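A.B. asks: Take a look at coords-v8.txt, compact mmCIF, C-alpha atoms:
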```
# COMPACT_ATOMS: atom_id res chain seq x y z
CA MET A 44 37.73 -3.54 6.17
CA LYS A 45 36.12 -0.26 7.32
CA THR A 46 35.90 0.87 3.69
CA ILE A 47 33.97 -2.24 2.73
CA GLN A 48 31.68 -1.85 5.74
CA ALA A 49 30.93 1.78 4.84
CA ASP A 50 28.00 2.99 2.75
CA HIS A 51 29.25 1.74 -0.63
CA THR A 52 28.15 -1.23 -2.73
CA LEU A 53 29.69 -3.22 -5.55
CA LEU A 54 28.32 -2.66 -9.02
CA ASN A 55 26.45 -5.64 -10.42
CA TYR A 56 27.85 -5.88 -13.92
CA ASN A 57 24.68 -7.67 -15.02
CA SER A 58 22.88 -4.33 -14.76
CA LEU A 59 25.19 -2.57 -17.25
CA ASP A 60 24.50 -2.13 -20.96
CA PRO A 61 27.33 -3.65 -23.06
CA ASN A 62 26.00 -1.87 -26.17
CA LEU A 63 27.10 1.52 -24.86
CA ASN A 64 30.48 2.85 -25.97
CA PHE A 65 31.36 3.34 -22.31
CA PRO A 66 29.11 1.08 -20.21
CA PHE A 67 30.26 2.21 -16.74
CA PRO A 68 28.64 5.15 -14.96
CA SER A 69 31.00 7.76 -13.60
CA TYR A 70 31.22 9.54 -10.28
CA GLY A 71 27.90 11.18 -9.45
CA SER A 72 26.12 9.12 -12.12
CA GLY A 73 25.42 5.95 -10.20
CA ASN A 74 28.84 4.36 -9.79
CA THR A 75 28.63 3.18 -6.19
CA GLU A 76 32.19 1.80 -6.22
CA ILE A 77 34.00 5.11 -6.59
CA LEU A 78 35.44 6.25 -3.25
CA PHE A 79 37.65 9.04 -4.57
CA TYR A 80 37.50 10.26 -8.14
CA ASP A 81 40.74 10.99 -9.96
CA MET A 82 42.02 10.95 -13.52
CA PRO A 83 45.54 10.01 -14.63
CA ASP A 84 47.92 12.40 -16.35
CA TYR A 85 49.10 9.76 -18.80
CA ALA A 86 45.92 9.45 -20.88
CA GLU A 87 47.74 9.89 -24.17
CA LEU A 88 50.17 7.07 -23.36
CA ILE A 89 47.40 4.55 -22.73
CA SER A 90 44.95 5.74 -25.39
CA GLU A 91 43.47 3.24 -27.85
CA THR A 92 46.02 4.20 -30.50
CA HIS A 93 48.91 3.29 -28.21
CA ALA A 94 47.70 0.57 -25.84
CA LYS A 95 46.55 -2.76 -27.26
CA ILE A 96 45.33 -5.73 -25.23
CA PRO A 97 47.35 -8.94 -25.83
CA ASP A 98 45.30 -11.93 -26.96
CA VAL A 99 46.62 -14.08 -24.13
CA PHE A 100 45.35 -11.58 -21.56
CA TYR A 101 41.98 -11.11 -23.25
CA ASN A 102 41.49 -14.87 -23.47
CA SER A 103 42.30 -15.30 -19.78
CA PHE A 104 38.80 -14.02 -18.95
CA ASP A 105 36.13 -16.72 -18.58
CA GLN A 106 33.29 -16.66 -21.11
CA ASN A 107 30.87 -16.01 -18.24
CA ASP A 108 32.97 -13.13 -16.96
CA LEU A 109 31.18 -9.90 -17.91
CA ARG A 110 34.44 -7.98 -17.70
CA LYS A 111 35.41 -9.61 -21.00
CA ILE A 112 32.43 -7.88 -22.62
CA LEU A 113 32.36 -4.62 -20.69
CA PHE A 114 36.09 -3.88 -20.44
CA PHE A 115 37.05 -4.34 -24.08
CA ARG A 116 36.25 -3.50 -27.68
CA SER A 117 37.01 -6.66 -29.62
CA GLU A 118 35.36 -6.29 -33.03
CA ASP A 119 38.79 -6.57 -34.63
CA PRO A 120 40.81 -9.51 -33.21
CA GLU A 121 43.98 -7.67 -34.21
CA LYS A 122 43.04 -4.57 -32.23
CA ILE A 123 41.48 -5.32 -28.85
CA THR A 124 41.28 -2.09 -26.84
CA PHE A 125 40.12 -1.06 -23.39
CA ARG A 126 36.87 0.83 -22.74
CA GLY A 127 36.03 -0.17 -19.16
CA THR A 128 36.96 3.06 -17.45
CA TYR A 129 35.04 4.23 -14.41
CA GLY A 130 35.41 7.70 -15.87
CA GLY A 131 32.22 7.11 -17.85
CA ASN A 132 33.85 8.30 -21.09
CA TYR A 133 37.18 8.13 -22.88
CA VAL A 134 39.05 9.43 -19.82
CA ASP A 135 40.56 6.67 -17.70
CA PHE A 136 39.90 6.46 -13.97
CA SER A 137 42.75 6.20 -11.46
CA GLY A 138 41.07 7.01 -8.17
CA LEU A 139 40.14 4.87 -5.17
CA SER A 140 37.40 2.30 -5.61
CA LEU A 141 35.54 -0.38 -3.70
CA ASP A 142 36.65 -3.22 -5.95
CA GLU A 143 40.29 -2.40 -5.24
CA SER A 144 39.48 -2.40 -1.52
CA TYR A 145 38.04 -5.92 -1.82
CA LEU A 146 41.14 -7.12 -3.63
CA THR A 147 43.49 -5.49 -1.13
CA LEU A 148 41.60 -7.02 1.79
CA ALA A 149 41.57 -10.46 0.15
CA GLU A 150 45.32 -10.28 -0.46
CA CYS A 151 46.07 -9.17 3.09
CA LEU A 152 43.96 -11.96 4.59
CA VAL A 153 45.60 -14.61 2.41
CA ARG A 154 49.07 -13.33 3.31
CA GLN A 155 48.09 -13.60 7.00
CA GLY A 156 47.01 -17.21 6.52
CA GLU A 157 43.26 -16.46 6.59
CA ILE A 158 42.77 -18.13 3.21
CA ASN A 159 39.08 -19.01 3.43
CA GLN A 160 38.10 -15.57 4.64
CA GLY A 161 40.20 -13.87 1.99
CA MET A 162 38.76 -16.00 -0.80
CA SER A 163 35.22 -15.33 0.45
CA TYR A 164 35.72 -11.59 -0.16
CA LEU A 165 37.19 -12.34 -3.57
CA LYS A 166 34.21 -14.56 -4.42
CA LYS A 167 31.79 -11.80 -3.44
CA LEU A 168 33.59 -9.45 -5.83
CA LEU A 169 33.64 -11.97 -8.68
CA THR A 170 29.97 -12.85 -8.18
CA SER A 171 29.15 -9.25 -9.09
CA ARG A 172 31.27 -9.59 -12.25
CA PHE A 173 29.99 -12.89 -13.66
CA LYS A 174 26.77 -13.57 -15.54
CA ARG A 175 23.85 -13.98 -13.19
CA GLU A 176 23.09 -17.58 -14.20
CA SER A 177 26.70 -18.73 -13.89
CA THR A 178 28.54 -20.09 -10.85
CA VAL A 179 31.74 -18.55 -9.58
CA TYR A 180 34.05 -21.44 -8.75
CA ILE A 181 37.13 -20.91 -6.61
CA PRO A 182 39.11 -24.12 -6.02
CA VAL A 183 40.55 -25.17 -2.70
CA LEU A 184 44.00 -23.63 -2.63
CA ASN A 185 47.03 -23.51 -0.38
CA GLN A 186 48.40 -20.13 0.67
CA GLN A 187 50.78 -19.67 -2.25
CA GLU A 188 48.17 -20.72 -4.82
CA ALA A 189 45.54 -18.50 -3.20
CA LEU A 190 47.87 -15.50 -3.28
CA LYS A 191 48.59 -16.12 -6.97
CA PHE A 192 44.84 -16.38 -7.63
CA VAL A 193 44.10 -13.08 -5.88
CA LEU A 194 46.97 -11.26 -7.59
CA ASN A 195 45.82 -12.50 -10.98
CA GLU A 196 42.31 -11.18 -10.33
CA ARG A 197 43.81 -7.87 -9.21
CA LYS A 198 45.63 -7.63 -12.53
CA LYS A 199 42.40 -8.31 -14.44
CA GLU A 200 40.09 -6.11 -12.37
CA LEU A 201 42.28 -3.00 -12.04
CA LEU A 202 43.26 -2.75 -15.67
CA PHE A 203 44.20 0.79 -16.77
CA ARG A 204 43.84 2.13 -13.22
CA GLY A 205 47.47 3.20 -12.92
CA VAL A 206 48.36 0.66 -10.21
CA ARG A 207 50.14 -2.05 -12.20
CA TRP A 208 53.58 -0.41 -12.05
CA MET A 209 53.28 -0.06 -8.29
CA ASP A 210 52.19 -3.69 -8.02
CA LEU A 211 55.13 -4.88 -10.10
CA ARG A 212 57.55 -2.98 -7.89
CA ARG A 213 56.23 -4.47 -4.66
CA LEU A 214 55.71 -7.99 -6.01
CA ASN A 215 59.24 -8.05 -7.36
CA LEU A 216 60.54 -7.94 -3.78
CA SER A 217 59.62 -11.61 -3.35
CA GLU A 218 60.88 -14.47 -5.49
CA GLU A 219 57.46 -16.15 -5.30
CA THR A 220 55.68 -13.21 -6.94
CA ALA A 221 58.44 -11.59 -9.00
CA ILE A 222 57.57 -11.02 -12.66
CA VAL A 223 59.79 -10.88 -15.75
CA LEU A 224 58.27 -8.65 -18.44
CA HIS A 225 58.68 -9.55 -22.10
CA ARG A 226 57.74 -7.24 -24.96
CA ASN A 227 58.29 -7.50 -28.70
CA TYR A 228 58.96 -4.22 -30.47
CA GLU A 229 59.68 -4.14 -34.20
CA GLY A 230 60.86 -7.73 -34.14
CA LYS A 231 63.14 -7.27 -31.14
CA GLU A 232 62.40 -8.88 -27.78
CA LEU A 233 62.75 -6.55 -24.80
CA VAL A 234 63.09 -7.96 -21.29
CA LEU A 235 62.62 -6.18 -17.96
CA ASN A 236 63.81 -8.27 -15.04
CA PRO A 237 62.59 -7.87 -11.44
CA ASN A 238 64.23 -4.93 -9.64
CA ASP A 239 65.97 -3.78 -12.81
CA VAL A 240 67.40 -0.25 -12.56
CA ARG A 241 65.05 0.71 -15.39
CA TYR A 242 62.19 0.56 -12.90
CA ILE A 243 63.56 3.83 -11.52
CA PHE A 244 63.17 7.03 -13.49
CA PRO A 245 66.59 8.75 -13.59
CA ILE A 246 66.94 12.32 -12.36
CA PRO A 247 67.12 14.56 -15.44
CA GLN A 248 70.62 15.76 -16.25
CA SER A 249 69.44 19.38 -16.21
CA VAL A 250 68.32 18.97 -12.58
CA LEU A 251 71.68 17.47 -11.62
CA LEU A 252 73.58 20.29 -13.30
CA ASN A 253 71.56 23.01 -11.59
CA SER A 254 71.33 21.47 -8.15
CA ASP A 255 73.37 22.65 -5.19
CA VAL A 256 72.40 19.55 -3.19
CA ILE A 257 73.05 16.65 -5.52
CA GLN A 258 76.66 16.15 -6.44
CA ILE A 259 77.40 14.65 -9.83
CA PRO A 260 79.91 11.79 -9.59
CA ARG A 261 83.12 12.46 -11.45
```
How would this structure read if it were set down as structure tokens?
C.D. replies:
Amino acid sequence: MKTIQADHTLLNYNSLDPNLNFPFPSYGSGNTEILFYDMPDYAELISETHAKIPDVFYNSFDQNDLRKILFFRSEDPEKITFRGTYGGNYVDFSGLSLDESYLTLAECLVRQGEINQGMSYLKKLLTSRFKRESTVYIPVLNQQEALKFVLNERKKELLFRGVRWMDLRRLNLSEETAIVLHRNYEGKELVLNPNDVRYIFPIPQSVLLNSDVIQIPR
């Protein structure tokens, strides 16, 4: 709450130029949402040549949602890629931002039963993302539906920010929000269930062999 009340303002996406290769200003260049600037160390993993946007996710954005235009390159329907970094160039942004603060506050309020207040913060965020002449409609929802709505917007807003893995881990702790991941690789379907051991990176064998603290089971 204090972050939102501080001297920061949401970007109005209507003011951005979608014709630029990277339409978002970076830190120090007019991006009023950046609270703490940081870059990820996994840029190669999520570069355009490796990370493609699934059609079903791309099509989940409303036609009046400017994120659909500003976040993606979609000239080739077979190769939709991300360009909406707050880094202002090809480097992805993974720092702290005002939009994430709005989403976190909305989620917390909904979880506490303050549904109307939580959805009002979410609506303020979405109003800055939709075309000026459009109307942001949020239906009347119960607590579970409202939480699902907020979490879905979090997934769409914080794309390529480096927070999705963390979100999956915490959401998997509840049956209501747990997510089963499905991927198709070279014709083979891969499934990652909630709380699977593969969510944890194993300690390298070399570390185990050279450690005086960790004992290797025999």
A.B. asks: Just want the 10 Å neighbourhood of Asn238 in chain A, counted on all atoms listed in the file, with same-chain residues fewer than 6 positions away dropped. Output as a count of residues only.
C.D. replies: 9
A.B. asks: Between A:Ile243, A:Leu139, A:Ile123, A:Val206, which one has atoms that come closest to Tyr101 in chain A, using all atoms listed in the file?
C.D. replies: A:Ile123
A.B. asks: Figure out the distance between CA of Asn55 in chain A and CA of Asn107 in chain A, please, to one decimal in Å.
C.D. replies: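 Interatomic distance, CA of Asn107 in chain A to CA of Asn55 in chain A: 13.7 Å.
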A.B. asks: Suppose you want the space between CA of Ser163 in chain A and CA of Val183 in chain A; what is it in Å?
C.D. replies: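 Interatomic distance, CA of Ser163 in chain A to CA of Val183 in chain A: 11.6 Å.
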A.B. asks: Name all residues at most 10 Å from range 109-111 of chain A (count all atoms listed in the file; drop same-chain ones fewer than 4 positions away) and give them as number ranges by chain.
C.D. replies: A: 55-57, 59, 61, 101-105, 115-117, 127, 169, 171-175, 199-200
A.B. asks: Please compute the CA of Gln106 in chain A-CA of Gln186 in chain A distance, one decimal, in Å.
C.D. replies: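 Here the two named atoms are 26.7 Å from each other.
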A.B. asks: Looking at A:Glu121, A:Ile181, A:Leu190, A:Arg204, which one is nearest to Tyr80 in chain A, with distances taken over only C-alpha atoms?
C.D. replies: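 Smallest separation from Tyr80 in chain A among the options: A:Arg204.
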A.B. asks: Counting all atoms listed in the file, which residue out of A:Met209, A:Glu176, A:Leu63, A:Tyr145 sits closest to Asp108 in chain A?
C.D. replies: A:Glu176
A.B. asks: When distances are computed from all atoms listed in the file, which of A:Ser72, A:Thr147, A:Ser254, A:Thr46 shows the smallest separation from Gly131 in chain A?
C.D. replies: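 Closest to Gly131 in chain A of all the choices is A:Ser72.
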A.B. asks: Let me make sure I understand: among A:Asp135, A:Glu143, A:Glu157, A:Glu219, which one has the smallest atom-to-atom distance to Phe203 in chain A if we use all atoms listed in the file?
C.D. replies: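 Selected residue with least distance to Phe203 in chain A: A:Asp135.
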A.B. asks: For Pro182 in chain A, which residue out of A:Ser58, A:Asn159, A:Val99, A:Lys167 is the nearest one, using all atoms listed in the file?
C.D. replies: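 Smallest distance to Pro182 in chain A is found for A:Asn159.
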A.B. asks: Using all atoms listed in the file, which protein or nucleic acid residues come within 12 Å of Gln160 in chain A? Drop anything in the same chain fewer than 3 positions from it, and give the result as a list in words.
C.D. replies: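 Near Gln160 in chain A, the qualifying residues are Tyr145, Leu148, Ala149, Glu150, Cys151, Leu152, Val153, Arg154, Gln155, Gly156, Glu157, Ser163, Tyr164, Leu165, Lys166, Lys167, Gln186 and Ala189 of chain A.
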A.B. asks: Fewer than 4 positions away in the same chain doesn't count, so skip those; otherwise give me all residues within 10 Å of Asp50 in chain A, counting all atoms listed in the file, as JSON, numbers by chain.
C.D. replies: {"A": [45, 46, 75, 76]}
